[in-house]
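Asker: Here it is, the structure, as structure tokens.
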Amino acid sequence: MASSSPAILLPITNPQPSAATTDSIQSSGPPPAFRAFINHISDTVRNGLASRRPWSELVDRSAFSKPDSISDATQRIRKNYAYFRVNYLAVITGVVAVSLLTNPLSLILLAALLAAWIFLYLFRTASDPPLTLFGRQFSDRETLVGLIVSTIVVVFLTSVGSVLVSALMVGLAIVCAHGAFRVPEDLFLDEQESPATGFLSFVTGASSNATVAATAPAVAARV
């Protein structure tokens, strides 16, 4: 009886993704500058919330009294702002958010405007193809001019500007009233804590190096 012939093993190769496939997979996700920007905002909000003061101190009824004079009220506002600055910013942000939620049209217009600035200018690179609308290509300068004009129209010719200004004024009025009537004698501000930490580090322009490094070349290429 003849012995059976050995089975022939066929070589099996695992196809490696090509460079074009890898680039397409990476390009399908959000751009690195956008991810860095979102991560910076998340870290800033997280650090700001961690450094806020207890809300029980903010609403302690036994610590409220009428100021003796305008100068006394001004000094109280300064001391309370230095201590409750993150809480105050959270209050103002909440007032603005409520105002926008109660005005859906303003919220939609503002969100569309912010999205246009982010995706059409801030995070575009020199290698990106020019913007094309209705069969016409727009240069980076034309896109920037269009965004500026759109911002002026949305802010000054719609309800967005009035809603934002009204909300900010209401929020500042609440903060100033609280700061003027809150007695700050029981508050002890840490000497090592700088006056621009937490949320205010983002508001005053102290952005992270990763965000600046990611966005600066794209912006400088168009200026």
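Residue numbering restarts at 1 for every chain of the structure tokens, chains are lettered A, B, ... in their displayed order, and ligands are numbered from 1 as they appear.
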I'd like to know which residues of segment 100-191 of chain A are helix (DSSP H, G or I) (by DSSP, run on the backbone); could you write them as a PyMOL selection string?
Answerer: chain A and resi 100-101+104-122+140-157+159-181+184-186
Asker: Write out as an MDAnalysis selection string each polymer residue whose atoms come within 6 Å of Ala167 of chain A, counting only C-alpha atoms; drop sequence neighbours fewer than 3 positions from it.
Answerer: chainID A and resid 95:96 164 170
Asker: With C-alpha atoms retained, export the selected residues as a PDB file, in the first residue's frame.
Answerer:
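The result, written out as out-v2.pdb:
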```pdb
ATOM      1  CA  VAL A  95     -26.433  82.600  33.516  1.00  0.00           C
ATOM      2  CA  VAL A  96     -25.142  82.738  29.933  1.00  0.00           C
ATOM      3  CA  LEU A 164     -24.949  87.576  25.382  1.00  0.00           C
ATOM      4  CA  VAL A 170     -27.011  89.920  34.785  1.00  0.00           C
TER       5      VAL A 170
END
```
Asker: Just checking: using only C-alpha atoms, which residue out of A:Asp140, A:Arg78, A:Leu157, A:Val175 ends up closest to Phe123 of chain A?
Answerer: A:Asp140
Asker: I'd like the neighbourhood of Phe64 of chain A as a list in words, where a residue qualifies if any of its atoms comes within 6 Å (using only C-alpha atoms), though same-chain residues fewer than 6 positions away should be ignored.
Answerer: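 Using only C-alpha atoms, the neighbours found are Phe181, Arg182 and Val183 of chain A.
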Asker: Give me a file of those residues, with all heavy atoms, as a PDB file, in the first residue's frame.
Answerer:
```pdb
ATOM      1  N   PHE A 181     -21.940  92.448  49.486  1.00  0.00           N
ATOM      2  CA  PHE A 181     -22.649  92.154  50.731  1.00  0.00           C
ATOM      3  C   PHE A 181     -22.033  90.984  51.506  1.00  0.00           C
ATOM      4  O   PHE A 181     -22.403  90.759  52.656  1.00  0.00           O
ATOM      5  CB  PHE A 181     -24.125  91.852  50.446  1.00  0.00           C
ATOM      6  CG  PHE A 181     -24.927  93.083  50.125  1.00  0.00           C
ATOM      7  CD1 PHE A 181     -25.027  93.540  48.818  1.00  0.00           C
ATOM      8  CD2 PHE A 181     -25.561  93.791  51.135  1.00  0.00           C
ATOM      9  CE1 PHE A 181     -25.764  94.676  48.521  1.00  0.00           C
ATOM     10  CE2 PHE A 181     -26.305  94.936  50.848  1.00  0.00           C
ATOM     11  CZ  PHE A 181     -26.402  95.381  49.535  1.00  0.00           C
ATOM     12  N   ARG A 182     -21.123  90.248  50.894  1.00  0.00           N
ATOM     13  CA  ARG A 182     -20.482  89.131  51.596  1.00  0.00           C
ATOM     14  C   ARG A 182     -19.298  89.651  52.398  1.00  0.00           C
ATOM     15  O   ARG A 182     -18.363  90.233  51.848  1.00  0.00           O
ATOM     16  CB  ARG A 182     -20.020  88.073  50.588  1.00  0.00           C
ATOM     17  CG  ARG A 182     -19.234  86.904  51.167  1.00  0.00           C
ATOM     18  CD  ARG A 182     -20.094  86.078  52.101  1.00  0.00           C
ATOM     19  NE  ARG A 182     -19.531  84.767  52.366  1.00  0.00           N
ATOM     20  CZ  ARG A 182     -18.576  84.491  53.265  1.00  0.00           C
ATOM     21  NH1 ARG A 182     -18.053  85.467  53.980  1.00  0.00           N
ATOM     22  NH2 ARG A 182     -18.163  83.250  53.435  1.00  0.00           N
ATOM     23  N   VAL A 183     -19.309  89.471  53.722  1.00  0.00           N
ATOM     24  CA  VAL A 183     -18.211  89.915  54.580  1.00  0.00           C
ATOM     25  C   VAL A 183     -17.035  88.955  54.398  1.00  0.00           C
ATOM     26  O   VAL A 183     -17.174  87.751  54.647  1.00  0.00           O
ATOM     27  CB  VAL A 183     -18.645  89.953  56.055  1.00  0.00           C
ATOM     28  CG1 VAL A 183     -17.484  90.404  56.936  1.00  0.00           C
ATOM     29  CG2 VAL A 183     -19.838  90.871  56.243  1.00  0.00           C
TER      30      VAL A 183
END
```
Asker: Of the candidates A:Leu133, A:Ala97, A:Ile148, A:Ala82, which shows the shortest atom-to-atom distance to Ala116 of chain A, using only C-alpha atoms?
Answerer: A:Ile148
